[in-house]
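Chemist: Below is input25.csv; it holds CSV, C-alpha atoms and all ligand atoms.
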```csv
chain,number,residue,atom,x,y,z
A,149,MET,CA,40.9,-22.6,-168.7
A,150,LYS,CA,41.6,-18.9,-168.5
A,151,ASN,CA,40.4,-16.9,-165.5
A,152,SER,CA,38.5,-14.3,-167.5
A,153,TYR,CA,37.2,-13.8,-171.1
A,154,SER,CA,36.4,-10.8,-173.2
A,155,THR,CA,33.0,-10.4,-175.0
A,156,ARG,CA,34.5,-11.6,-178.3
A,157,GLU,CA,36.2,-14.6,-176.7
A,158,LEU,CA,33.0,-15.7,-174.9
A,159,ALA,CA,31.0,-15.2,-178.1
A,160,ASP,CA,33.4,-17.5,-180.0
A,161,LEU,CA,33.3,-20.0,-177.2
A,162,LEU,CA,29.5,-20.2,-177.1
A,163,SER,CA,29.2,-19.8,-180.9
A,164,VAL,CA,27.0,-16.8,-180.8
A,165,ASN,CA,27.3,-13.1,-181.9
A,166,GLU,CA,29.1,-10.6,-179.7
A,167,SER,CA,25.8,-8.6,-179.6
A,168,THR,CA,24.1,-11.7,-178.1
A,169,VAL,CA,26.6,-11.9,-175.3
A,170,LYS,CA,26.3,-8.1,-174.6
A,171,ARG,CA,22.5,-8.5,-174.5
A,172,TRP,CA,22.8,-11.4,-172.0
A,173,ALA,CA,25.2,-9.4,-169.9
A,174,ASP,CA,23.0,-6.3,-169.9
A,175,SER,CA,19.9,-8.4,-169.0
A,176,ARG,CA,22.0,-10.0,-166.1
A,177,PHE,CA,21.6,-13.5,-167.5
A,178,ILE,CA,25.4,-13.8,-167.2
A,179,GLU,CA,27.5,-11.8,-164.7
A,180,CYS,CA,30.3,-9.6,-165.9
A,181,VAL,CA,32.5,-6.7,-164.7
A,182,LYS,CA,33.3,-3.6,-166.7
A,183,THR,CA,36.9,-2.6,-167.1
A,184,LYS,CA,37.9,1.1,-166.7
A,185,GLY,CA,37.8,1.3,-170.5
A,186,GLY,CA,34.1,0.1,-170.4
A,187,HIS,CA,34.8,-3.4,-171.8
A,188,ARG,CA,32.9,-6.3,-170.4
A,189,LYS,CA,35.0,-9.1,-168.7
A,190,PHE,CA,33.5,-12.5,-167.8
A,191,SER,CA,35.1,-14.6,-165.1
A,192,ILE,CA,35.4,-18.4,-165.6
A,193,LYS,CA,33.1,-18.8,-162.5
A,194,SER,CA,30.3,-16.8,-164.0
A,195,ILE,CA,30.7,-18.6,-167.4
A,196,LEU,CA,30.5,-22.0,-165.6
A,197,ARG,CA,27.4,-21.0,-163.7
A,198,PHE,CA,25.8,-19.7,-166.9
A,199,ILE,CA,26.6,-22.9,-168.8
A,200,HIS,CA,25.4,-25.0,-165.9
A,201,GLU,CA,22.2,-23.0,-165.5
A,202,ASN,CA,21.4,-23.4,-169.2
A,203,GLN,CA,22.7,-27.0,-169.4
A,204,MET,CA,24.8,-25.9,-172.4
A,205,ASN,CA,27.4,-28.2,-174.0
A,206,VAL,CA,30.5,-26.2,-174.6
A,207,PRO,CA,33.2,-28.8,-175.5
A,208,SER,CA,35.7,-26.3,-176.8
A,209,LEU,CA,36.1,-24.8,-173.3
A,210,SER,CA,37.2,-28.2,-171.8
A,211,LEU,CA,39.0,-29.6,-174.9
A,212,ALA,CA,41.6,-26.8,-174.9
A,213,GLU,CA,42.7,-28.2,-171.5
A,214,PHE,CA,44.0,-31.5,-173.0
A,215,ASP,CA,46.3,-32.2,-175.8
A,216,ARG,CA,45.5,-35.9,-176.0
A,217,LYS,CA,43.0,-36.7,-178.8
A,218,ASP,CA,41.5,-39.7,-177.0
A,219,VAL,CA,40.7,-37.5,-173.9
A,220,GLN,CA,39.2,-34.8,-176.2
A,221,ALA,CA,37.0,-37.4,-178.0
A,222,HIS,CA,35.7,-38.8,-174.7
A,223,LEU,CA,35.0,-35.4,-173.2
A,224,SER,CA,33.1,-34.1,-176.3
A,225,ALA,CA,30.9,-37.3,-176.1
A,226,GLY,CA,30.2,-36.4,-172.4
A,227,PHE,CA,32.3,-39.3,-170.9
A,228,VAL,CA,34.0,-37.6,-168.0
A,229,ASP,CA,35.3,-41.0,-166.6
A,230,VAL,CA,38.3,-40.4,-168.9
A,231,LEU,CA,39.5,-37.9,-166.2
A,232,VAL,CA,39.3,-40.3,-163.3
A,233,PRO,CA,43.0,-41.3,-163.3
A,234,THR,CA,44.1,-37.7,-163.5
A,235,LEU,CA,41.8,-36.7,-160.7
A,236,LYS,CA,43.0,-39.6,-158.5
A,237,GLU,CA,46.6,-38.6,-159.0
A,238,ALA,CA,45.9,-34.9,-158.3
A,239,ALA,CA,44.1,-35.9,-155.1
A,240,LEU,CA,46.9,-38.2,-154.0
A,241,GLN,CA,49.3,-35.3,-154.5
A,242,GLY,CA,47.1,-33.1,-152.3
A,243,ASP,CA,46.5,-30.7,-155.2
A,244,SER,CA,43.0,-29.4,-154.5
A,245,ASN,CA,43.3,-26.7,-157.2
A,246,GLU,CA,43.9,-29.4,-159.8
A,247,VAL,CA,41.0,-31.4,-158.4
A,248,GLN,CA,38.8,-28.3,-158.7
A,249,ARG,CA,40.0,-27.7,-162.3
A,250,LEU,CA,39.1,-31.3,-163.2
A,251,LEU,CA,35.6,-31.0,-161.7
A,252,ARG,CA,35.1,-27.8,-163.6
A,253,THR,CA,36.3,-29.5,-166.8
A,254,GLY,CA,34.0,-32.4,-166.1
A,255,LEU,CA,31.0,-30.0,-165.4
A,256,ILE,CA,31.3,-28.6,-168.9
A,257,SER,CA,30.8,-32.1,-170.4
A,258,GLN,CA,28.5,-33.4,-167.7
A,259,PRO,CA,26.3,-30.6,-166.3
A,260,ASP,CA,24.3,-33.0,-164.1
A,261,ILE,CA,26.4,-32.8,-160.9
A,262,ILE,CA,25.1,-36.0,-159.4
A,263,LEU,CA,26.2,-37.8,-162.5
A,264,LEU,CA,29.5,-35.9,-162.5
A,265,TYR,CA,30.2,-37.0,-159.0
A,266,THR,CA,29.2,-40.6,-159.7
A,267,GLN,CA,31.2,-40.9,-162.9
A,268,LEU,CA,34.3,-38.8,-162.0
A,269,LEU,CA,34.8,-38.3,-158.3
A,270,PHE,CA,33.5,-41.5,-156.7
A,271,PRO,CA,35.5,-43.9,-159.0
A,272,ALA,CA,38.7,-42.1,-158.1
A,273,LEU,CA,37.9,-42.5,-154.4
A,274,VAL,CA,37.0,-46.2,-154.8
A,275,ASP,CA,40.3,-46.7,-156.6
A,276,ILE,CA,42.1,-45.0,-153.7
A,277,GLY,CA,40.3,-47.3,-151.3
A,278,ARG,CA,41.4,-50.3,-153.3
A,279,ASP,CA,45.0,-49.1,-153.3
A,280,TRP,CA,44.8,-48.6,-149.5
A,281,GLU,CA,43.4,-52.2,-149.1
A,282,LYS,CA,46.3,-53.5,-151.3
A,283,GLY,CA,48.8,-51.5,-149.3
A,284,THR,CA,50.0,-49.4,-152.2
A,285,VAL,CA,48.6,-46.2,-150.8
A,286,ARG,CA,49.3,-45.4,-147.2
A,287,VAL,CA,46.8,-43.8,-144.7
A,288,ASP,CA,48.7,-40.5,-144.8
A,289,ALA,CA,48.3,-40.3,-148.6
A,290,GLU,CA,44.6,-41.3,-148.3
A,291,HIS,CA,43.9,-38.6,-145.8
A,292,LEU,CA,45.8,-36.0,-148.0
A,293,ALA,CA,43.7,-37.1,-151.0
A,294,THR,CA,40.4,-36.8,-149.0
A,295,GLN,CA,41.3,-33.3,-147.7
A,296,ALA,CA,42.2,-32.2,-151.3
A,297,ILE,CA,38.9,-33.5,-152.5
A,298,LYS,CA,36.9,-31.9,-149.7
A,299,SER,CA,38.5,-28.6,-150.2
A,300,ALA,CA,38.0,-28.7,-154.0
A,301,LEU,CA,34.3,-29.7,-153.5
A,302,LEU,CA,33.7,-26.7,-151.2
A,303,ARG,CA,35.2,-24.3,-153.8
A,304,PHE,CA,33.5,-26.1,-156.7
A,305,GLN,CA,30.1,-25.4,-155.1
A,306,SER,CA,30.5,-21.7,-156.1
A,307,ASP,CA,31.0,-22.8,-159.8
A,308,ILE,CA,27.5,-24.3,-159.8
A,309,HIS,CA,24.4,-22.4,-160.6
A,310,LEU,CA,22.0,-22.2,-157.6
A,311,LYS,CA,18.3,-22.3,-158.3
A,312,GLU,CA,16.0,-20.0,-156.3
A,313,THR,CA,14.8,-21.3,-153.0
A,314,ASN,CA,12.1,-23.9,-153.2
A,315,GLY,CA,11.0,-23.6,-149.6
A,316,LEU,CA,12.1,-27.2,-148.7
A,317,SER,CA,14.8,-28.0,-146.1
A,318,ALA,CA,17.0,-31.0,-145.4
A,319,VAL,CA,19.2,-32.2,-142.6
A,320,VAL,CA,22.1,-34.3,-143.9
A,321,SER,CA,24.4,-36.0,-141.4
A,322,CYS,CA,26.7,-39.0,-140.8
A,323,PHE,CA,25.5,-41.4,-138.2
A,324,GLU,CA,27.3,-41.6,-134.8
A,325,GLY,CA,30.9,-42.9,-135.3
A,326,GLU,CA,30.8,-42.4,-139.1
A,327,THR,CA,33.6,-40.3,-140.7
A,328,HIS,CA,33.0,-40.9,-144.4
A,329,ASP,CA,31.3,-37.6,-145.2
A,330,ILE,CA,32.0,-37.1,-148.9
A,331,ALA,CA,28.7,-38.7,-150.0
A,332,ILE,CA,26.6,-36.3,-147.8
A,333,THR,CA,28.8,-33.3,-148.8
A,334,CYS,CA,27.8,-34.1,-152.5
A,335,ILE,CA,24.2,-34.6,-151.5
A,336,ALA,CA,24.2,-31.3,-149.6
A,337,GLY,CA,25.8,-29.6,-152.7
A,338,TYR,CA,23.2,-31.0,-155.0
A,339,LEU,CA,20.2,-30.1,-152.9
A,340,THR,CA,21.5,-26.6,-152.3
A,341,SER,CA,21.9,-26.2,-156.1
A,342,GLN,CA,18.3,-27.2,-156.4
A,343,GLY,CA,17.1,-24.5,-154.0
A,344,TRP,CA,16.9,-26.4,-150.8
A,345,ARG,CA,17.9,-25.0,-147.4
A,346,VAL,CA,20.5,-27.6,-146.3
A,347,TYR,CA,21.8,-28.2,-142.8
A,348,HIS,CA,24.9,-30.2,-143.3
A,349,LEU,CA,26.0,-31.6,-140.0
A,350,GLY,CA,29.0,-33.6,-141.2
A,351,GLN,CA,30.8,-36.5,-139.5
A,352,ASP,CA,30.0,-38.5,-136.4
A,353,ILE,CA,26.9,-36.8,-135.0
A,354,PRO,CA,25.7,-38.3,-131.6
A,355,THR,CA,22.2,-39.7,-132.2
A,356,ASP,CA,20.5,-37.8,-129.4
A,357,ASP,CA,21.9,-34.5,-130.8
A,358,LEU,CA,20.8,-35.4,-134.3
A,359,SER,CA,17.3,-36.2,-133.0
A,360,PHE,CA,17.2,-32.9,-131.1
A,361,PHE,CA,18.3,-31.0,-134.2
A,362,ILE,CA,15.7,-32.6,-136.4
A,363,ARG,CA,13.0,-31.8,-133.8
A,364,SER,CA,14.1,-28.1,-133.6
A,365,LYS,CA,14.6,-27.5,-137.4
A,366,LYS,CA,11.6,-29.5,-138.6
A,367,PRO,CA,13.1,-30.3,-142.0
A,368,ASN,CA,11.2,-31.9,-144.9
A,369,LEU,CA,14.0,-34.5,-145.5
A,370,VAL,CA,16.5,-36.2,-143.2
A,371,ALA,CA,19.4,-38.0,-145.0
A,372,ILE,CA,21.7,-40.1,-142.9
A,373,SER,CA,24.9,-41.7,-144.1
A,374,ALA,CA,26.6,-44.8,-142.6
A,375,ASP,CA,29.2,-46.7,-144.6
A,376,ILE,CA,30.6,-48.6,-141.7
A,377,VAL,CA,28.2,-50.1,-139.1
A,378,ASP,CA,30.1,-52.1,-136.4
A,379,ALA,CA,27.5,-51.8,-133.6
A,380,GLU,CA,24.5,-53.1,-135.5
A,381,ARG,CA,22.0,-53.1,-132.6
A,382,LYS,CA,22.9,-49.6,-131.6
A,383,PHE,CA,22.6,-48.4,-135.2
A,384,VAL,CA,19.1,-50.1,-135.7
A,385,PHE,CA,18.0,-48.8,-132.3
A,386,GLY,CA,19.2,-45.2,-132.9
A,387,ILE,CA,17.6,-45.0,-136.3
A,388,ASN,CA,14.3,-46.7,-135.4
A,389,ASN,CA,13.8,-45.3,-131.9
A,390,LYS,CA,15.3,-41.9,-132.1
A,391,ILE,CA,15.9,-40.5,-135.6
A,392,VAL,CA,12.8,-41.8,-137.4
A,393,PRO,CA,10.4,-40.8,-134.6
A,394,ALA,CA,12.0,-37.3,-134.5
A,395,ALA,CA,11.7,-37.0,-138.3
A,396,LYS,CA,8.1,-38.3,-138.3
A,397,LYS,CA,7.1,-35.7,-135.6
A,398,ALA,CA,8.7,-33.0,-137.9
A,399,GLY,CA,6.8,-34.5,-140.9
A,400,ALA,CA,10.1,-35.3,-142.6
A,401,MET,CA,10.9,-38.1,-145.0
A,402,THR,CA,13.9,-40.2,-143.8
A,403,ILE,CA,16.5,-41.9,-146.1
A,404,ALA,CA,19.5,-43.9,-144.8
A,405,GLY,CA,22.4,-44.5,-147.2
A,406,GLY,CA,25.7,-46.3,-147.2
A,407,LEU,CA,27.7,-49.0,-148.9
A,408,GLN,CA,25.8,-51.9,-147.3
A,409,ILE,CA,22.7,-50.3,-146.0
A,410,PRO,CA,20.1,-51.9,-148.3
A,411,SER,CA,21.8,-55.3,-148.4
A,412,ARG,CA,22.3,-55.6,-144.7
A,413,PHE,CA,19.3,-53.7,-143.2
A,414,SER,CA,16.4,-54.2,-145.6
A,415,GLY,CA,13.3,-54.7,-143.6
A,416,ARG,CA,15.0,-53.8,-140.3
A,417,LEU,CA,15.1,-50.0,-140.5
A,418,LYS,CA,11.9,-47.9,-140.3
A,419,CYS,CA,13.3,-45.2,-142.7
A,420,ASP,CA,11.2,-44.4,-145.7
A,421,MET,CA,14.0,-45.4,-148.0
A,422,LEU,CA,17.4,-47.2,-147.9
A,423,SER,CA,20.0,-46.6,-150.5
A,424,ASP,CA,23.5,-47.3,-151.6
A,425,ASN,CA,23.5,-44.7,-154.4
A,426,ILE,CA,23.3,-40.9,-154.1
A,427,SER,CA,21.4,-40.8,-157.4
A,428,ASP,CA,18.3,-41.7,-155.4
A,429,ILE,CA,18.4,-38.1,-154.0
A,430,MET,CA,17.5,-36.8,-157.5
A,431,ALA,CA,14.3,-38.8,-157.5
A,432,ILE,CA,13.5,-37.7,-154.0
A,433,HIS,CA,14.1,-34.1,-154.9
A,434,HIS,CA,11.9,-34.3,-158.0
A,435,ASN,CA,9.0,-36.0,-156.1
A,436,MET,CA,9.2,-33.6,-153.1
A,437,THR,CA,9.3,-30.4,-155.1
A,438,LYS,CA,6.4,-31.7,-157.2
A,439,GLU,CA,4.4,-32.5,-154.1
A,440,ALA,CA,5.3,-29.1,-152.6
A,441,ALA,CA,4.2,-27.3,-155.7
A,442,GLU,CA,0.9,-29.3,-155.9
A,443,ALA,CA,0.2,-28.5,-152.3
A,444,GLN,CA,0.5,-24.8,-153.0
A,445,THR,CA,-2.0,-24.8,-155.9
B,1,LIG,C1,38.3,-41.6,-147.9
B,1,LIG,C2,38.1,-42.8,-147.1
B,1,LIG,C3,38.2,-42.8,-145.8
B,1,LIG,C4,38.5,-41.5,-145.1
B,1,LIG,C5,37.2,-40.7,-144.9
B,1,LIG,C6,37.3,-39.2,-144.9
B,1,LIG,C7,36.1,-38.5,-145.2
B,1,LIG,N1,36.0,-37.3,-144.7
B,1,LIG,O1,35.1,-39.0,-145.8
B,1,LIG,C8,39.2,-42.0,-143.7
B,1,LIG,C9,40.6,-42.1,-143.9
B,1,LIG,C10,38.9,-41.1,-142.5
B,1,LIG,C11,38.6,-43.4,-143.7
B,1,LIG,C12,38.5,-44.1,-142.5
B,1,LIG,C13,38.1,-45.4,-142.5
B,1,LIG,N2,37.8,-46.2,-143.5
B,1,LIG,CO1,37.5,-45.5,-145.3
B,1,LIG,N3,37.4,-45.1,-147.1
B,1,LIG,C14,37.6,-44.0,-147.8
B,1,LIG,C15,37.5,-44.3,-149.3
B,1,LIG,C16,38.8,-44.4,-149.9
B,1,LIG,C17,36.6,-43.3,-150.0
B,1,LIG,C18,35.3,-43.0,-149.3
B,1,LIG,C19,34.4,-42.1,-150.1
B,1,LIG,O2,34.3,-40.9,-149.9
B,1,LIG,N4,33.9,-42.7,-151.2
B,1,LIG,C20,33.0,-42.0,-152.1
B,1,LIG,C21,31.7,-41.9,-151.5
B,1,LIG,C22,30.7,-41.2,-152.3
B,1,LIG,O3,31.2,-43.3,-151.3
B,1,LIG,P1,30.3,-43.7,-150.1
B,1,LIG,O4,30.5,-42.9,-148.9
B,1,LIG,O5,30.5,-45.1,-149.9
B,1,LIG,O6,28.9,-43.4,-150.7
B,1,LIG,C23,28.3,-44.2,-151.6
B,1,LIG,C24,27.2,-45.1,-151.0
B,1,LIG,O7,27.6,-45.7,-149.8
B,1,LIG,C25,26.0,-44.2,-151.0
B,1,LIG,N5,25.8,-43.4,-149.8
B,1,LIG,C26,26.6,-43.1,-148.7
B,1,LIG,N6,26.0,-42.3,-147.9
B,1,LIG,C27,24.7,-42.1,-148.4
B,1,LIG,C28,23.7,-41.3,-147.8
B,1,LIG,C29,22.5,-41.2,-148.6
B,1,LIG,C30,21.4,-40.4,-148.0
B,1,LIG,C31,22.4,-41.9,-149.8
B,1,LIG,C32,21.1,-41.7,-150.6
B,1,LIG,C33,23.5,-42.6,-150.4
B,1,LIG,C34,24.6,-42.7,-149.6
B,1,LIG,O8,26.2,-43.3,-152.1
B,1,LIG,C35,27.5,-43.3,-152.6
B,1,LIG,C36,27.5,-43.9,-154.0
B,1,LIG,O9,26.6,-43.2,-154.8
B,1,LIG,C37,36.7,-45.6,-149.2
B,1,LIG,C38,36.8,-46.4,-150.5
B,1,LIG,C39,35.4,-46.6,-151.2
B,1,LIG,N7,35.2,-47.7,-151.8
B,1,LIG,O10,34.6,-45.7,-151.2
B,1,LIG,C40,37.2,-46.3,-148.0
B,1,LIG,C41,36.3,-47.3,-147.2
B,1,LIG,C42,34.8,-46.8,-147.2
B,1,LIG,N8,36.8,-47.2,-145.9
B,1,LIG,C43,36.9,-48.4,-145.3
B,1,LIG,C44,37.4,-48.6,-144.0
B,1,LIG,C45,37.5,-50.0,-143.5
B,1,LIG,C46,37.7,-47.5,-143.1
B,1,LIG,C47,38.2,-47.6,-141.7
B,1,LIG,C48,37.5,-48.6,-140.8
B,1,LIG,C49,39.7,-47.9,-141.8
B,1,LIG,C50,40.4,-48.1,-140.4
B,1,LIG,N9,40.8,-49.3,-140.2
B,1,LIG,O11,40.6,-47.1,-139.7
B,1,LIG,C51,38.0,-46.2,-141.2
B,1,LIG,C52,36.6,-46.0,-140.5
B,1,LIG,C53,36.3,-44.6,-140.1
B,1,LIG,C54,34.9,-44.5,-139.6
B,1,LIG,N10,34.5,-45.1,-138.5
B,1,LIG,O12,34.0,-43.9,-140.2
B,1,LIG,C55,36.3,-49.5,-146.2
B,1,LIG,C56,34.9,-49.9,-145.8
B,1,LIG,C57,34.6,-51.4,-145.9
B,1,LIG,C58,33.3,-51.7,-145.3
B,1,LIG,N11,32.2,-51.3,-145.8
B,1,LIG,O13,33.4,-52.3,-144.3
B,1,LIG,C59,36.5,-48.8,-147.6
B,1,LIG,C60,35.4,-49.3,-148.6
B,1,LIG,C61,37.9,-49.1,-148.1
B,1,LIG,C62,38.1,-50.5,-148.5
B,1,LIG,N12,38.3,-50.7,-149.8
B,1,LIG,O14,38.1,-51.4,-147.7
B,1,LIG,N13,38.2,-43.8,-144.9
```
Could you take the file, read its structure, and then write that structure out as C-alpha cells?
Ligand code: B12
Modeler:
Amino acid sequence: MKNSYSTRELADLLSVNESTVKRWADSRFIECVKTKGGHRKFSIKSILRFIHENQMNVPSLSLAEFDRKDVQAHLSAGFVDVLVPTLKEAALQGDSNEVQRLLRTGLISQPDIILLYTQLLFPALVDIGRDWEKGTVRVDAEHLATQAIKSALLRFQSDIHLKETNGLSAVVSCFEGETHDIAITCIAGYLTSQGWRVYHLGQDIPTDDLSFFIRSKKPNLVAISADIVDAERKFVFGINNKIVPAAKKAGAMTIAGGLQIPSRFSGRLKCDMLSDNISDIMAIHHNMTKEAAEAQT
C-alpha cells in the first residue's frame, strides 16, 4: 500500500473517472492536499476513511499487497481470516507497523470493524493464548505481541471513518483486577466510530472509583469487561451493589462481558445484559441510537 496516490491513480483504484475524483475532492467528500504544482495528492489514510465511510469494496488496493493467489482469492471474497497467521507472526515479532498494515488490508475487504476484529484480530490472540498454554510461546513474547497489537489498534483508529456525534456516551472499563483490555479497546473504537463519546478507563479499575465515575459522567451505557473472575463473591457484590446502582441512577444500560460471563453468572448479575461476544455491542448501538432518535421526534 503506497502512502499517497495521485488523482489518476485513485481514479483507477476506484474505477471512476478522474473528474469524479476531482469533484469528490473539491466537495470535501475525500481529503486531499495540493502539491506546489497544484496537483491533488490523496494519503492512504484519507482513502481508507473514504472507503470505510462509503462501505466500498476495493479489492485491488489490498490484492497488490500479496503475491499468493489463494490469499488474493480469499480477500476479494471478503474472507479476512486468511491474514490471521501473518498477523499473529507480526504481533509475536512485536511489529506493530505490520499489524496496522494487516488491519488496513483487512478493512478494505471487511469494512465492518467489529467483524474485522472478530475474524482477524481475535483468532490471532486466541492462537497466541493456546501457544502460551502449550508452552510454545513464552510470557515475554505474549506481552510483546499484546503491546504491538495495542499500539497498532491505536493508530488504526485514525484509519477509520468517524460518524458525527450522536449525543450518546459510554463508560467502558475492565473490572477490578482485570488486565485483558483489548476487547474494551475494540468496543471503545467501534462506539467512537459510530459517533459516541467514549470514556475508556482501561485495565483494573477499582469498583468504588468506577461507580464514582459513572455517577459523575452519567453515561447512557456502561460496558464492563471481566475475562478472569477469581473472587466470585466480590465480583457479584461489586457489580450488583455498586456498579449497577450507579448506572441505574445515571439512567445507563449496563452490559458485562467476558469469556465466561454468561455461562458462569447468568441469573446472578443485575446487569441488563451479559455477553461473551463484542458483536452484541452492535445491536446495543443500533437500539440505543434508534431510541435516542425517536425520543427527539
Ligand atoms: C493477551 C493475553 C494476556 C495479556 C493481557 C494484556 C492486555 N492488555 O489485554 C496478559 C499477558 C497481561 C495476560 C495475563 C493473564 N492471562 Co491472559 N490472555 C491473553 C490472550 C492471549 C489474549 C486476550 C485477548 O485480548 N483476546 C482477544 C479478546 C477480544 O478476547 P476477550 O478479552 O476474551 O474478549 C472476548 C469475550 O470475552 C468478550 N468480551 C470481553 N470483554 C467484553 C466486554 C463486553 C462489554 C462485551 C460485550 C464482550 C466482552 O468479547 C470478546 C469476543 O468477542 C488470551 C487468549 C484468549 N483466548 O483470548 C489469554 C487468556 C485470556 N489469559 C488467561 C490467563 C489464565 C491469564 C493469567 C491468569 C495468566 C497468569 N497466570 O498470569 C493473567 C491474568 C491477568 C489478569 N488478572 O487479568 C487465560 C484465561 C483462562 C480463563 N478464562 O480462566 C487465556 C484464555 C489464555 C489461556 N488459553 O489459558 N493475558
Chemist: Step by step, measure atom-to-atom distances between ligand LIG 1 (chain B) and each residue using all atoms listed in the file, keep those at most 8 Å, then write them as a ChimeraX atom specification.
Modeler: /A:265-266,269-271,273-281,287,290-291,293-295,298,320,322,325-332,334-335,351-352,371-377,403-409,422-429
Chemist: Could you name the residues that touch range 176-181 of chain A at 7 Å or less, counting all atoms listed in the file, but leaving out those on the same chain fewer than 2 positions away, as an NGL selection string?
Modeler: :A and (172-174 or 183 or 188-191 or 194 or 198)
Chemist: Fewer than 4 positions away in the same chain doesn't count, so skip those; otherwise give me all residues within 10 Å of Glu380 in chain A, counting only C-alpha atoms, as a list in words.
Modeler: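 Surrounding residues, per the criterion: Ile376, Val384, Phe385, Gly386, Arg412 and Phe413 of chain A.
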Chemist: Quote the spacing between CA of Asn389 in chain A and CA of Cys419 in chain A in Å to one decimal place.
Modeler: 10.8 Å
Chemist: As a list in words, please: the residues near Lys236 in chain A (cut-off 7 Å, only C-alpha atoms, same-chain neighbours under 4 positions excluded).
Modeler: Val232, Leu240 and Ala272 of chain A
Chemist: Distance CA of Ala318 in chain A-CA of Met421 in chain A, one decimal place?
Modeler: 14.9 Å
Chemist: Give the answer as one residue: which of A:Thr402, A:Gln203, A:Thr437, A:Ser152 has the shortest atom-to-atom distance to Trp344 in chain A, using all atoms listed in the file?
Modeler: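 Using all atoms listed in the file, Trp344 in chain A sits closest to A:Thr437.
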Chemist: Could you jot down the CA of Arg286 in chain A to CA of Glu246 in chain A separation for me, Å, one decimal place?
Modeler: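 Answer for the CA of Arg286 in chain A to CA of Glu246 in chain A separation: 21.1 Å.
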Chemist: Quick one: of A:Ala289, A:Ala238, A:Ala336, A:Val206, who's nearest to Pro259 in chain A, counting only C-alpha atoms?
Modeler: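 Ranked by minimum distance to Pro259 in chain A, first place goes to A:Val206.
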Chemist: Kindly indicate which residue among A:Asp243, A:Glu201, A:Glu312, A:Glu237 lies nearest to Asp260 in chain A, using all atoms listed in the file for the distances.
Modeler: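 Among the listed residues, A:Glu201 lies closest to Asp260 in chain A.
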Chemist: Given the choices A:Met204, A:Val230, A:Leu263, A:Ile195, which gets closest to Lys217 in chain A if the distance is worked out from only C-alpha atoms?
Modeler: A:Val230
Chemist: When you look at Ile353 in chain A with a cut-off of 7 Å (counting all atoms listed in the file), what residues show up, excluding the ones that are within fewer than 5 positions of it in the same chain? I need them as a PyMOL selection string.
Modeler: chain A and resi 321-324+358
Chemist: How close does each residue of range 250-312 of chain A get to range 223-229 of chain A, giving the shortest atom pair and distance in Å to one decimal for every residue with an atom at most 7 Å away, counting all atoms listed in the file, sorted by chain and residue number, as a Markdown table?
Modeler:
```
| residue | atom | partner | partner_atom | distance |
| --- | --- | --- | --- | --- |
| A:Gly254 | CA | A:Val228 | CA | 5.5 |
| A:Ser257 | CA | A:Gly226 | CA | 4.8 |
| A:Gln258 | CA | A:Gly226 | CA | 5.8 |
| A:Gln267 | CA | A:Asp229 | CA | 5.5 |
| A:Leu268 | CA | A:Asp229 | CA | 5.2 |
```
Chemist: From the set A:Ser411, A:Thr355, A:Ser163, A:Thr253, which residue has the shortest atom-to-atom contact distance to Ile387 in chain A, counting only C-alpha atoms?
Modeler: A:Thr355
